[in-house]
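Novice: Provided below: my_file_14.txt, containing compact mmCIF, C-alpha atoms and all ligand atoms.
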# COMPACT_ATOMS: atom_id res chain seq x y z
CA MET A 1 -42.74 -4.22 -0.63
CA ALA A 2 -40.20 -6.88 -1.36
CA ASN A 3 -38.14 -7.69 1.69
CA ASN A 4 -34.43 -8.48 1.85
CA GLU A 5 -34.99 -11.95 3.15
CA PHE A 6 -36.84 -14.18 0.73
CA GLY A 7 -40.26 -15.27 1.95
CA THR A 8 -40.74 -13.26 5.14
CA VAL A 9 -43.42 -10.80 3.98
CA PHE A 10 -46.91 -12.00 3.06
CA PHE A 11 -50.23 -10.85 1.72
CA ASP A 12 -52.55 -10.20 4.70
CA GLU A 13 -54.67 -13.23 3.90
CA ILE A 14 -54.37 -16.82 2.79
CA THR A 15 -57.02 -18.95 1.13
CA THR A 16 -57.89 -22.20 2.88
CA ALA A 17 -59.91 -25.35 2.34
CA THR A 18 -60.27 -28.32 4.66
CA PHE A 19 -60.89 -31.99 3.94
CA ASP A 20 -63.08 -33.63 6.59
CA GLY A 21 -62.44 -37.24 5.59
CA ASN A 22 -65.10 -37.19 2.88
CA ALA A 23 -65.11 -33.92 1.02
CA TRP A 24 -63.38 -30.60 0.62
CA SER A 25 -64.96 -27.53 2.21
CA GLU A 26 -65.65 -24.31 0.36
CA THR A 27 -62.64 -22.03 0.03
CA GLN A 28 -62.29 -19.34 2.68
CA PHE A 29 -60.10 -16.30 3.15
CA ALA A 30 -58.28 -16.22 6.49
CA PRO A 31 -55.59 -14.08 8.16
CA SER A 32 -52.11 -15.07 7.00
CA ASP A 33 -50.37 -14.70 10.35
CA LYS A 34 -51.70 -17.64 12.32
CA LEU A 35 -52.83 -21.22 11.97
CA PRO A 36 -54.46 -22.72 15.05
CA LEU A 37 -53.29 -26.33 15.33
CA HIS A 38 -53.82 -28.99 17.96
CA PRO A 39 -50.45 -30.16 19.37
CA ALA A 40 -51.25 -33.69 18.17
CA THR A 41 -51.77 -32.61 14.55
CA HIS A 42 -50.56 -35.38 12.25
CA VAL A 43 -48.22 -33.22 10.16
CA LEU A 44 -46.29 -32.04 13.23
CA HIS A 45 -45.32 -35.60 14.11
CA TYR A 46 -45.33 -37.61 10.91
CA SER A 47 -44.58 -35.00 8.24
CA SER A 48 -47.76 -35.52 6.26
CA THR A 49 -47.16 -32.48 4.11
CA CYS A 50 -46.30 -31.28 0.63
CA PHE A 51 -46.08 -27.91 -1.02
CA GLU A 52 -45.56 -26.08 -4.30
CA GLY A 53 -43.59 -23.00 -5.25
CA MET A 54 -44.58 -20.90 -8.24
CA LYS A 55 -44.46 -17.29 -9.29
CA ALA A 56 -46.77 -14.55 -10.51
CA PHE A 57 -45.45 -11.57 -12.48
CA ARG A 58 -46.83 -8.10 -13.06
CA THR A 59 -46.88 -7.32 -16.77
CA ASP A 60 -46.35 -3.85 -18.24
CA ASP A 61 -50.07 -3.54 -18.99
CA GLY A 62 -51.02 -4.22 -15.37
CA LYS A 63 -52.08 -7.84 -15.74
CA ILE A 64 -50.77 -10.70 -13.62
CA ASN A 65 -49.03 -13.69 -15.24
CA ILE A 66 -48.96 -16.95 -13.28
CA PHE A 67 -46.23 -19.28 -14.55
CA ARG A 68 -47.11 -22.92 -15.27
CA LEU A 69 -50.08 -22.91 -12.92
CA ASP A 70 -51.63 -26.15 -14.19
CA ASP A 71 -48.33 -28.02 -14.09
CA HIS A 72 -47.65 -26.94 -10.51
CA ILE A 73 -51.13 -28.07 -9.48
CA LYS A 74 -50.54 -31.45 -11.14
CA ARG A 75 -47.23 -31.86 -9.35
CA MET A 76 -48.86 -31.02 -6.03
CA GLN A 77 -51.57 -33.60 -6.68
CA ASN A 78 -48.86 -36.19 -7.37
CA SER A 79 -47.06 -35.26 -4.15
CA ALA A 80 -50.32 -35.56 -2.20
CA LYS A 81 -50.97 -39.01 -3.68
CA ALA A 82 -47.48 -40.22 -2.81
CA LEU A 83 -48.02 -39.13 0.79
CA TYR A 84 -51.56 -40.57 1.03
CA LEU A 85 -52.87 -37.08 1.68
CA PRO A 86 -56.30 -36.01 0.35
CA VAL A 87 -55.67 -34.79 -3.20
CA PRO A 88 -56.62 -31.15 -3.84
CA LYS A 89 -59.18 -30.64 -6.61
CA THR A 90 -57.74 -28.96 -9.67
CA GLU A 91 -60.38 -26.26 -10.11
CA GLN A 92 -60.57 -25.44 -6.41
CA LEU A 93 -56.82 -25.08 -5.94
CA LYS A 94 -56.60 -23.02 -9.10
CA ALA A 95 -59.29 -20.68 -7.79
CA MET A 96 -57.61 -20.49 -4.38
CA ILE A 97 -54.51 -19.14 -6.12
CA VAL A 98 -56.22 -16.92 -8.69
CA ASP A 99 -58.74 -15.39 -6.26
CA LEU A 100 -56.09 -14.54 -3.68
CA LEU A 101 -53.87 -12.96 -6.33
CA ASP A 102 -56.83 -11.08 -7.72
CA LYS A 103 -57.86 -9.70 -4.33
CA TYR A 104 -54.33 -8.46 -3.61
CA ARG A 105 -53.31 -7.76 -7.19
CA GLU A 106 -51.99 -4.29 -6.38
CA GLN A 107 -49.46 -5.97 -4.04
CA VAL A 108 -47.92 -8.05 -6.82
CA PRO A 109 -44.64 -6.17 -7.20
CA VAL A 110 -42.99 -4.88 -10.35
CA PHE A 111 -40.48 -7.24 -12.03
CA PRO A 112 -37.77 -8.30 -11.12
CA SER A 113 -39.72 -8.55 -7.86
CA VAL A 114 -42.54 -11.08 -8.07
CA ALA A 115 -45.28 -12.74 -6.02
CA TYR A 116 -44.06 -16.14 -4.83
CA ILE A 117 -46.99 -18.53 -4.35
CA ARG A 118 -46.77 -21.33 -1.82
CA PRO A 119 -49.70 -23.78 -1.81
CA THR A 120 -49.32 -26.06 1.20
CA LEU A 121 -51.14 -29.23 2.23
CA ILE A 122 -50.94 -30.67 5.74
CA GLY A 123 -52.44 -33.68 7.51
CA THR A 124 -54.61 -32.51 10.40
CA ASP A 125 -55.85 -35.64 12.20
CA THR A 126 -55.34 -34.99 15.91
CA SER A 127 -53.76 -38.33 16.76
CA ILE A 128 -50.21 -39.20 17.71
CA GLY A 129 -51.15 -42.85 17.31
CA ARG A 130 -51.30 -42.69 13.51
CA ALA A 131 -47.60 -43.07 12.88
CA ALA A 132 -48.17 -45.78 10.32
CA SER A 133 -51.48 -44.68 8.87
CA PRO A 134 -52.43 -41.78 6.67
CA THR A 135 -54.24 -38.72 7.93
CA GLU A 136 -57.93 -38.66 7.03
CA THR A 137 -58.35 -34.91 7.38
CA ALA A 138 -56.25 -32.17 5.89
CA LEU A 139 -55.83 -28.44 5.47
CA LEU A 140 -54.91 -26.90 2.14
CA TYR A 141 -53.85 -23.27 2.06
CA VAL A 142 -52.25 -20.82 -0.33
CA LEU A 143 -49.73 -18.35 1.06
CA ILE A 144 -48.31 -15.58 -1.11
CA SER A 145 -45.11 -13.66 -0.51
CA PRO A 146 -43.95 -10.63 -2.53
CA VAL A 147 -40.23 -11.25 -3.04
CA GLY A 148 -37.33 -9.29 -4.48
CA ASP A 149 -34.89 -10.49 -7.12
CA TYR A 150 -33.31 -13.59 -5.63
CA PHE A 151 -30.48 -13.51 -8.11
CA THR A 152 -27.21 -11.59 -7.91
CA VAL A 153 -24.95 -11.37 -10.94
CA GLY A 154 -21.45 -12.62 -10.25
CA ALA A 155 -22.32 -14.13 -6.88
CA LYS A 156 -19.97 -16.82 -5.66
CA MET A 157 -21.62 -20.22 -5.76
CA ARG A 158 -19.38 -22.92 -4.41
CA VAL A 159 -20.95 -26.38 -4.43
CA LEU A 160 -19.74 -29.56 -2.85
CA LEU A 161 -20.01 -32.57 -5.13
CA ASN A 162 -21.03 -35.33 -2.72
CA THR A 163 -20.78 -38.84 -4.15
CA THR A 164 -21.53 -40.67 -0.91
CA ASP A 165 -24.85 -39.49 0.45
CA LEU A 166 -28.46 -39.33 -0.71
CA ARG A 167 -30.48 -36.11 -0.49
CA CYS A 168 -33.48 -38.10 0.68
CA SER A 169 -34.96 -41.55 0.44
CA PRO A 170 -34.84 -42.49 -3.28
CA HIS A 171 -38.54 -43.30 -3.56
CA MET A 172 -39.42 -39.81 -2.20
CA GLY A 173 -37.18 -37.73 -4.44
CA ALA A 174 -39.89 -36.55 -6.82
CA VAL A 175 -42.22 -35.53 -3.99
CA LYS A 176 -42.09 -31.88 -2.95
CA SER A 177 -42.21 -32.41 0.78
CA GLY A 178 -40.59 -30.82 3.81
CA GLY A 179 -39.20 -34.14 4.98
CA ASN A 180 -36.81 -34.24 2.04
CA TYR A 181 -35.41 -30.86 3.01
CA ALA A 182 -34.99 -31.99 6.62
CA SER A 183 -33.17 -35.05 5.34
CA ALA A 184 -30.67 -33.00 3.31
CA LEU A 185 -30.11 -30.20 5.81
CA GLY A 186 -27.40 -31.81 7.94
CA LEU A 187 -25.38 -32.62 4.83
CA VAL A 188 -25.80 -29.08 3.50
CA MET A 189 -24.69 -27.64 6.85
CA HIS A 190 -21.68 -29.95 6.90
CA ALA A 191 -20.67 -28.74 3.43
CA LYS A 192 -21.03 -25.15 4.61
CA GLU A 193 -18.98 -25.68 7.75
CA LYS A 194 -16.24 -27.80 6.23
CA TYR A 195 -15.92 -26.32 2.72
CA ASP A 196 -17.71 -22.97 2.88
CA ALA A 197 -19.97 -24.40 0.16
CA GLN A 198 -23.42 -22.88 -0.43
CA GLN A 199 -24.94 -26.01 -1.91
CA VAL A 200 -24.38 -29.73 -2.25
CA ILE A 201 -24.79 -31.54 -5.54
CA PHE A 202 -25.87 -35.02 -4.57
CA ALA A 203 -24.27 -37.61 -6.85
CA PRO A 204 -24.65 -40.96 -5.08
CA ASN A 205 -22.12 -43.44 -6.52
CA GLY A 206 -21.09 -40.73 -8.98
CA ASP A 207 -24.60 -40.27 -10.47
CA VAL A 208 -25.20 -36.49 -10.57
CA GLN A 209 -28.79 -35.81 -9.43
CA GLU A 210 -29.57 -32.40 -7.93
CA THR A 211 -28.95 -30.14 -4.93
CA ALA A 212 -31.16 -29.92 -1.85
CA ALA A 213 -33.55 -27.54 -3.63
CA ALA A 214 -32.51 -27.09 -7.24
CA ASN A 215 -31.87 -29.12 -10.37
CA CYS A 216 -28.47 -29.20 -12.03
CA LEU A 217 -27.70 -28.63 -15.72
CA LEU A 218 -24.54 -28.51 -17.80
CA MET A 219 -24.43 -26.16 -20.77
CA ASN A 220 -22.17 -24.61 -23.36
CA ASP A 221 -22.70 -22.73 -26.64
CA LYS A 222 -24.02 -25.87 -28.33
CA GLU A 223 -25.72 -28.11 -25.81
CA VAL A 224 -27.62 -28.48 -22.57
CA ILE A 225 -27.32 -31.70 -20.59
CA THR A 226 -29.19 -32.85 -17.50
CA LYS A 227 -30.16 -36.14 -15.93
CA GLY A 228 -33.36 -37.70 -17.24
CA LEU A 229 -36.25 -37.78 -14.81
CA THR A 230 -36.35 -40.57 -12.21
CA PRO A 231 -38.34 -40.95 -8.98
CA GLU A 232 -35.12 -40.09 -7.11
CA PHE A 233 -35.15 -36.36 -7.75
CA LEU A 234 -37.55 -33.47 -8.22
CA ALA A 235 -38.91 -32.81 -11.70
CA GLY A 236 -38.34 -29.06 -11.66
CA MET A 237 -40.60 -26.81 -13.70
CA THR A 238 -37.65 -24.51 -14.31
CA ARG A 239 -35.57 -27.46 -15.53
CA ASP A 240 -38.33 -28.48 -17.92
CA SER A 241 -38.84 -24.90 -19.14
CA ILE A 242 -35.12 -24.42 -19.77
CA LEU A 243 -34.94 -27.67 -21.74
CA GLN A 244 -37.88 -26.65 -23.94
CA LEU A 245 -36.47 -23.16 -24.46
CA ALA A 246 -32.99 -24.49 -25.19
CA LYS A 247 -34.37 -26.80 -27.88
CA HIS A 248 -36.31 -23.91 -29.36
CA LEU A 249 -33.15 -21.77 -29.43
CA GLY A 250 -31.22 -24.46 -31.29
CA TYR A 251 -29.26 -26.10 -28.50
CA GLN A 252 -28.79 -29.84 -28.58
CA VAL A 253 -30.62 -31.02 -25.47
CA SER A 254 -29.74 -34.34 -23.81
CA GLU A 255 -31.44 -35.94 -20.84
CA ARG A 256 -28.95 -38.55 -19.74
CA ASN A 257 -26.86 -39.58 -16.78
CA ILE A 258 -23.91 -37.37 -15.86
CA SER A 259 -21.03 -38.82 -13.87
CA ALA A 260 -19.21 -36.95 -11.12
CA ASP A 261 -16.03 -37.11 -13.22
CA GLU A 262 -17.81 -35.62 -16.23
CA LEU A 263 -19.13 -32.77 -14.10
CA VAL A 264 -15.63 -32.04 -12.80
CA GLU A 265 -14.24 -32.13 -16.37
CA TRP A 266 -17.03 -29.78 -17.45
CA THR A 267 -15.71 -27.06 -15.11
CA LYS A 268 -12.86 -26.53 -17.61
CA THR A 269 -14.99 -25.88 -20.68
CA GLY A 270 -18.66 -25.31 -19.89
CA GLU A 271 -21.20 -23.78 -17.53
CA ILE A 272 -22.82 -25.60 -14.62
CA VAL A 273 -26.11 -24.12 -13.45
CA LEU A 274 -28.68 -24.75 -10.74
CA SER A 275 -32.34 -24.21 -11.62
CA GLY A 276 -35.41 -23.59 -9.50
CA THR A 277 -38.39 -21.27 -9.30
CA ALA A 278 -36.88 -18.91 -6.71
CA ALA A 279 -33.50 -18.17 -8.31
CA VAL A 280 -34.49 -19.27 -11.85
CA ILE A 281 -30.93 -20.07 -13.00
CA ALA A 282 -27.86 -19.69 -10.82
CA PRO A 283 -24.39 -20.36 -12.26
CA VAL A 284 -22.08 -22.54 -10.17
CA THR A 285 -18.69 -20.84 -9.81
CA GLU A 286 -16.69 -23.53 -8.00
CA VAL A 287 -17.01 -27.27 -7.51
CA VAL A 288 -15.39 -28.96 -4.52
CA TYR A 289 -14.63 -32.61 -5.16
CA GLN A 290 -12.41 -34.92 -3.11
CA ASP A 291 -11.05 -31.90 -1.19
CA GLU A 292 -9.99 -30.07 -4.37
CA ILE A 293 -11.56 -26.84 -5.65
CA TYR A 294 -12.34 -26.68 -9.37
CA PRO A 295 -13.28 -23.19 -10.60
CA VAL A 296 -15.95 -23.19 -13.31
CA LEU A 297 -13.99 -21.19 -15.85
CA ALA A 298 -16.99 -20.11 -17.93
CA SER A 299 -18.96 -18.95 -14.89
CA SER A 300 -17.73 -15.34 -14.94
CA ASP A 301 -19.77 -14.63 -18.09
CA ALA A 302 -22.15 -17.58 -17.92
CA THR A 303 -23.31 -16.49 -21.37
CA ASN A 304 -25.64 -19.40 -22.00
CA ALA A 305 -27.15 -19.39 -18.54
CA MET A 306 -27.89 -15.69 -18.86
CA LYS A 307 -29.34 -16.10 -22.35
CA LEU A 308 -31.70 -18.87 -21.25
CA ARG A 309 -32.57 -17.02 -18.08
CA LYS A 310 -33.58 -13.94 -20.05
CA ALA A 311 -35.58 -15.96 -22.57
CA LEU A 312 -37.48 -17.51 -19.67
CA THR A 313 -38.12 -14.36 -17.65
CA ASP A 314 -39.20 -12.47 -20.80
CA ILE A 315 -41.99 -15.01 -21.27
CA GLN A 316 -42.86 -14.93 -17.59
CA CYS A 317 -43.35 -11.19 -17.39
CA GLY A 318 -45.05 -10.89 -20.75
CA LYS A 319 -42.19 -9.27 -22.70
CA ALA A 320 -41.95 -12.25 -25.07
CA GLU A 321 -44.66 -14.30 -26.69
CA ASP A 322 -45.85 -17.26 -24.62
CA ILE A 323 -45.10 -19.79 -27.36
CA PHE A 324 -45.32 -22.79 -25.04
CA GLY A 325 -48.61 -21.85 -23.38
CA TRP A 326 -47.02 -21.61 -19.94
CA VAL A 327 -48.69 -18.47 -18.69
CA THR A 328 -52.11 -17.92 -17.10
CA THR A 329 -53.00 -14.24 -17.29
CA ILE A 330 -55.50 -12.73 -14.85
C1 LIG A 401 -38.78 -27.27 -5.90
C2 LIG A 401 -37.55 -28.04 -6.11
C3 LIG A 401 -36.75 -27.91 -7.26
C4 LIG A 401 -37.03 -26.89 -8.33
O1 LIG A 401 -38.24 -27.08 -8.95
P1 LIG A 401 -38.92 -25.88 -9.74
O2 LIG A 401 -40.23 -26.42 -10.17
O3 LIG A 401 -38.03 -25.54 -10.86
O4 LIG A 401 -39.04 -24.75 -8.77
C5 LIG A 401 -35.65 -28.73 -7.40
N1 LIG A 401 -35.33 -29.62 -6.45
C6 LIG A 401 -36.05 -29.77 -5.33
C7 LIG A 401 -35.63 -30.77 -4.34
C8 LIG A 401 -37.18 -28.99 -5.12
O5 LIG A 401 -37.90 -29.15 -4.00
Would you write the structure of this file as structure tokens?

Specialist:
Amino acid sequence: MANNEFGTVFFDEITTATFDGNAWSETQFAPSDKLPLHPATHVLHYSSTCFEGMKAFRTDDGKINIFRLDDHIKRMQNSAKALYLPVPKTEQLKAMIVDLLDKYREQVPVFPSVAYIRPTLIGTDTSIGRAASPTETALLYVLISPVGDYFTVGAKMRVLLNTTDLRCSPHMGAVKSGGNYASALGLVMHAKEKYDAQQVIFAPNGDVQETAAANCLLMNDKEVITKGLTPEFLAGMTRDSILQLAKHLGYQVSERNISADELVEWTKTGEIVLSGTAAVIAPVTEVVYQDEIYPVLASSDATNAMKLRKALTDIQCGKAEDIFGWVTTI
């Protein structure tokens, strides 16, 4: 079921709804392998699009747990607003996700494989003249991909600490939109080609923010530190979940600015981790800064990262009590 490459296998159908300029249509099921679009479709030219990424887990008693469904829907609504896209209705989008999962529930794989859920919203006005105006019509769809475990223990994770460039335009950082990924891609490729680095931590003027697709946290046996939320970077659900869990487990949790120098110092004593829905928590093993390589000494065990990761995935797949009310069970 789960394929080697993340996100290349899909349920046979998607759920869709269209906005005609006034109202949302009823939800429909449609084949997942094609989307007929006019060549002038607004999204293809002016990137009127946002998406979400969340996971559903099969529990031991055969139920399906969706993780932080309501929060992901809220974040998508915020992204849509920022992009002047029609805002999906909470109950409809929820049903588009739940009904699709329910119809294909036997295809939700056994943990550590999961169903990765990708709600997507695109502007569909057929006009290449609307460069400076919002789309009036839109298509919302939910695509689901059964995926394997994205995480490999002991994998090398070299990151370039970039203190010069921005991942994306600062006012767009909290919006989950393809344009931000396009903006970061050249810089990520440069880091790969020049330093053999898998990721870039963007730290403009020394202010550590995040990578192209994951948040960044420092941790040790006592504390967890990450930058407080700003409009410049994505408010990750995994980040938020880790912070809540860490507090619960007795860590001192600080949301404050982290300087590039502090991050480099941290390689000597603590763990540096990247967080996101796909990989959950991935320990950084090396930081490249000003052409020097700094090994993260605690990354071989990454004790705290692994402890928090397990606490999180235990809740997600129903092995631990859902004390924070994060899980929707269907
Ligand atoms: C999606 C995303 C994350 C991680 O967010 P989660 O909700 O934890 O999956 C972090 N940074 C960026 C830029 C993202 O797009």

Novice: Per residue of region 152-251 of chain A within 12 Å of region 99-123 of chain A, note the shortest atom pair and the distance in Å to one decimal, counting only C-alpha atoms, and order the rows by chain and increasing residue number, as JSON lines.

Specialist:
{"residue": "A:Thr152", "atom": "CA", "partner": "A:Pro112", "partner_atom": "CA", "distance": 11.5}
{"residue": "A:Lys176", "atom": "CA", "partner": "A:Thr120", "partner_atom": "CA", "distance": 10.2}
{"residue": "A:Ser177", "atom": "CA", "partner": "A:Thr120", "partner_atom": "CA", "distance": 9.5}
{"residue": "A:Gly178", "atom": "CA", "partner": "A:Thr120", "partner_atom": "CA", "distance": 10.3}

Novice: Padding 3 Å on each side, edges along x, y and z: where is the centre of the box around the listed atoms of ligand LIG 401 (chain A), and how long are its edges in Å to one decimal? Output it as lines of an AutoDock Vina configuration file.

Specialist:
center_x = -37.8
center_y = -27.8
center_z = -7.4
size_x = 10.9
size_y = 12.0
size_z = 12.9

Novice: So which residues are close to (-51.4, -41.3, 1.9), meaning at most 9 Å away in the file's coordinates with all atoms listed in the file counted, and can you show them as a list in words?

Specialist: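 Those within range, by chain then number, are Ser48, Ala80, Lys81, Ala82, Leu83, Tyr84, Leu85, Pro86, Ser133, Pro134, Thr135 and Glu136 of chain A.
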
Novice: Take the residues just selected and output them with C-alpha atoms as an mmCIF file, in the coordinates of the input.

Specialist:
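Written out: selection-v1.cif:
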data_model
loop_
_atom_site.group_PDB
_atom_site.id
_atom_site.type_symbol
_atom_site.label_atom_id
_atom_site.label_comp_id
_atom_site.auth_asym_id
_atom_site.auth_seq_id
_atom_site.Cartn_x
_atom_site.Cartn_y
_atom_site.Cartn_z
ATOM 1 C CA SER A 48 -47.760 -35.520 6.260
ATOM 2 C CA ALA A 80 -50.320 -35.560 -2.200
ATOM 3 C CA LYS A 81 -50.970 -39.010 -3.680
ATOM 4 C CA ALA A 82 -47.480 -40.220 -2.810
ATOM 5 C CA LEU A 83 -48.020 -39.130 0.790
ATOM 6 C CA TYR A 84 -51.560 -40.570 1.030
ATOM 7 C CA LEU A 85 -52.870 -37.080 1.680
ATOM 8 C CA PRO A 86 -56.300 -36.010 0.350
ATOM 9 C CA SER A 133 -51.480 -44.680 8.870
ATOM 10 C CA PRO A 134 -52.430 -41.780 6.670
ATOM 11 C CA THR A 135 -54.240 -38.720 7.930
ATOM 12 C CA GLU A 136 -57.930 -38.660 7.030
#

Novice: From the options A:Val284, A:Val98, A:Met237, A:Ala131, which residue's atoms come nearest to His72 (chain A), counting all atoms listed in the file?

Specialist: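 Comparing A:Val284, A:Val98, A:Met237, A:Ala131 against His72 (chain A), the winner is A:Met237.
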
Novice: Could you give me, as JSON, numbers by chain, every polymer residue with an atom at most 9 Å away from an atom of ligand LIG 401 (chain A), counting only C-alpha atoms and all ligand atoms?

Specialist: {"A": [51, 52, 53, 54, 72, 75, 167, 173, 174, 175, 176, 177, 178, 180, 181, 210, 211, 212, 213, 214, 215, 216, 233, 234, 235, 236, 237, 238, 239, 240, 241, 274, 275, 276, 277, 278, 279, 280]}

Novice: Mind giving me the straight-line distance from CA of Pro295 (chain A) to CA of Asn257 (chain A) in Å, one decimal?

Specialist: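 These two atoms are separated by 22.2 Å.
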
Novice: Rounded to one decimal, what separation in Å do you get between CA of Gly228 (chain A) and CA of Asp261 (chain A)?

Specialist: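 A separation of 17.8 Å between them.
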
Novice: By how many Å are CA of Val87 (chain A) and CA of Leu140 (chain A) apart?

Specialist: 9.6 Å

Novice: What lies within 9 Å of Thr90 (chain A) using all atoms listed in the file, ignoring chain neighbours under 6 positions off, as an NGL selection string?

Specialist: :A and (70 or 73-74 or 77)

Novice: Could you check the closest approach to Gln209 (chain A) for each of A:Asp60, A:Glu26, A:Asp322, A:Glu255 and tell me which residue wins, using only C-alpha atoms?

Specialist: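 Distance minimum relative to Gln209 (chain A) lands on A:Glu255.
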
Novice: Could you check the closest approach to Gln92 (chain A) for each of A:Leu308, A:Ala182, A:Val142, A:Ala302 and tell me which residue wins, using only C-alpha atoms?

Specialist: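 Checking each of A:Leu308, A:Ala182, A:Val142, A:Ala302 against Gln92 (chain A), counting only C-alpha atoms, the winner is A:Val142.
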
Novice: Which residues of region 149-202 of chain A come within 12 Å of region 265-272 of chain A, and what is each one's closest atom pair and distance in Å (one decimal), counting all atoms listed in the file, sorted by chain and residue number, as a tab-separated table?

Specialist:
residue	atom	partner	partner_atom	distance
A:Met157	CA	A:Ile272	CA	10.4
A:Arg158	CA	A:Ile272	CA	11.1
A:Val159	CA	A:Ile272	CA	10.4
A:Ile201	CA	A:Ile272	CA	11.0

Novice: For Pro283 (chain A), which residue out of A:Ile258, A:Cys50, A:Ala155, A:Val253 is the nearest one, using all atoms listed in the file?

Specialist: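 Using all atoms listed in the file, Pro283 (chain A) sits closest to A:Ala155.
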
Novice: Considering only C-alpha atoms, can you say which of A:Met96, A:Met172, A:Val296, A:Leu143 comes closest to Ile14 (chain A)?

Specialist: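 Closest to Ile14 (chain A) of all the choices is A:Leu143.
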
Novice: If we count all atoms listed in the file, what is near Gly318 (chain A) at a cut-off of 12 Å, once residues fewer than 6 positions away on the same chain are taken out, given as a PyMOL selection string?

Specialist: chain A and resi 56-67+111+310-312+325-329

Novice: Rank nothing, just name the residue among A:Val147, A:Ala138, A:Cys317, A:Ala132 nearest to Phe19 (chain A), using all atoms listed in the file.

Specialist: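 Smallest separation from Phe19 (chain A) among the options: A:Ala138.
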
Novice: Applying 7 Å and all atoms listed in the file, which residues near Thr164 (chain A) remain after dropping the ones on its own chain fewer than 2 positions away? List them as a ChimeraX atom specification.

Specialist: /A:162,204-205

Novice: Could you add the missing atoms to region 285-289 of chain A, up to all heavy atoms, and return them as a PDB file, keeping the file's coordinate frame?

Specialist:
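So rebuild-v9.pdb came out as:
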ATOM      1  N   THR A 285     -20.006 -21.423  -9.515  1.00  0.00           N
ATOM      2  CA  THR A 285     -18.690 -20.840  -9.810  1.00  0.00           C
ATOM      3  C   THR A 285     -17.533 -21.732  -9.400  1.00  0.00           C
ATOM      4  O   THR A 285     -16.442 -21.623  -9.957  1.00  0.00           O
ATOM      5  CB  THR A 285     -18.532 -19.449  -9.152  1.00  0.00           C
ATOM      6  OG1 THR A 285     -18.616 -19.602  -7.725  1.00  0.00           O
ATOM      7  CG2 THR A 285     -19.618 -18.491  -9.620  1.00  0.00           C
ATOM      8  N   GLU A 286     -17.762 -22.613  -8.417  1.00  0.00           N
ATOM      9  CA  GLU A 286     -16.690 -23.530  -8.000  1.00  0.00           C
ATOM     10  C   GLU A 286     -17.294 -24.867  -7.578  1.00  0.00           C
ATOM     11  O   GLU A 286     -18.338 -24.904  -6.924  1.00  0.00           O
ATOM     12  CB  GLU A 286     -15.948 -22.967  -6.776  1.00  0.00           C
ATOM     13  CG  GLU A 286     -15.166 -21.703  -7.032  1.00  0.00           C
ATOM     14  CD  GLU A 286     -14.599 -21.115  -5.743  1.00  0.00           C
ATOM     15  OE1 GLU A 286     -15.236 -21.223  -4.683  1.00  0.00           O
ATOM     16  OE2 GLU A 286     -13.502 -20.550  -5.800  1.00  0.00           O
ATOM     17  N   VAL A 287     -16.606 -25.936  -7.932  1.00  0.00           N
ATOM     18  CA  VAL A 287     -17.010 -27.270  -7.510  1.00  0.00           C
ATOM     19  C   VAL A 287     -15.934 -27.830  -6.587  1.00  0.00           C
ATOM     20  O   VAL A 287     -14.750 -27.808  -6.937  1.00  0.00           O
ATOM     21  CB  VAL A 287     -17.195 -28.214  -8.718  1.00  0.00           C
ATOM     22  CG1 VAL A 287     -17.516 -29.634  -8.260  1.00  0.00           C
ATOM     23  CG2 VAL A 287     -18.287 -27.686  -9.649  1.00  0.00           C
ATOM     24  N   VAL A 288     -16.341 -28.292  -5.410  1.00  0.00           N
ATOM     25  CA  VAL A 288     -15.390 -28.960  -4.520  1.00  0.00           C
ATOM     26  C   VAL A 288     -15.602 -30.461  -4.658  1.00  0.00           C
ATOM     27  O   VAL A 288     -16.730 -30.948  -4.515  1.00  0.00           O
ATOM     28  CB  VAL A 288     -15.627 -28.553  -3.043  1.00  0.00           C
ATOM     29  CG1 VAL A 288     -14.588 -29.215  -2.138  1.00  0.00           C
ATOM     30  CG2 VAL A 288     -15.604 -27.047  -2.886  1.00  0.00           C
ATOM     31  N   TYR A 289     -14.519 -31.165  -4.988  1.00  0.00           N
ATOM     32  CA  TYR A 289     -14.630 -32.610  -5.160  1.00  0.00           C
ATOM     33  C   TYR A 289     -13.379 -33.261  -4.611  1.00  0.00           C
ATOM     34  O   TYR A 289     -12.266 -32.867  -4.971  1.00  0.00           O
ATOM     35  CB  TYR A 289     -14.811 -32.940  -6.654  1.00  0.00           C
ATOM     36  CG  TYR A 289     -15.035 -34.409  -6.942  1.00  0.00           C
ATOM     37  CD1 TYR A 289     -16.006 -35.136  -6.253  1.00  0.00           C
ATOM     38  CD2 TYR A 289     -14.276 -35.066  -7.900  1.00  0.00           C
ATOM     39  CE1 TYR A 289     -16.217 -36.486  -6.524  1.00  0.00           C
ATOM     40  CE2 TYR A 289     -14.490 -36.412  -8.188  1.00  0.00           C
ATOM     41  CZ  TYR A 289     -15.459 -37.120  -7.486  1.00  0.00           C
ATOM     42  OH  TYR A 289     -15.663 -38.443  -7.757  1.00  0.00           O
TER      43      TYR A 289
END
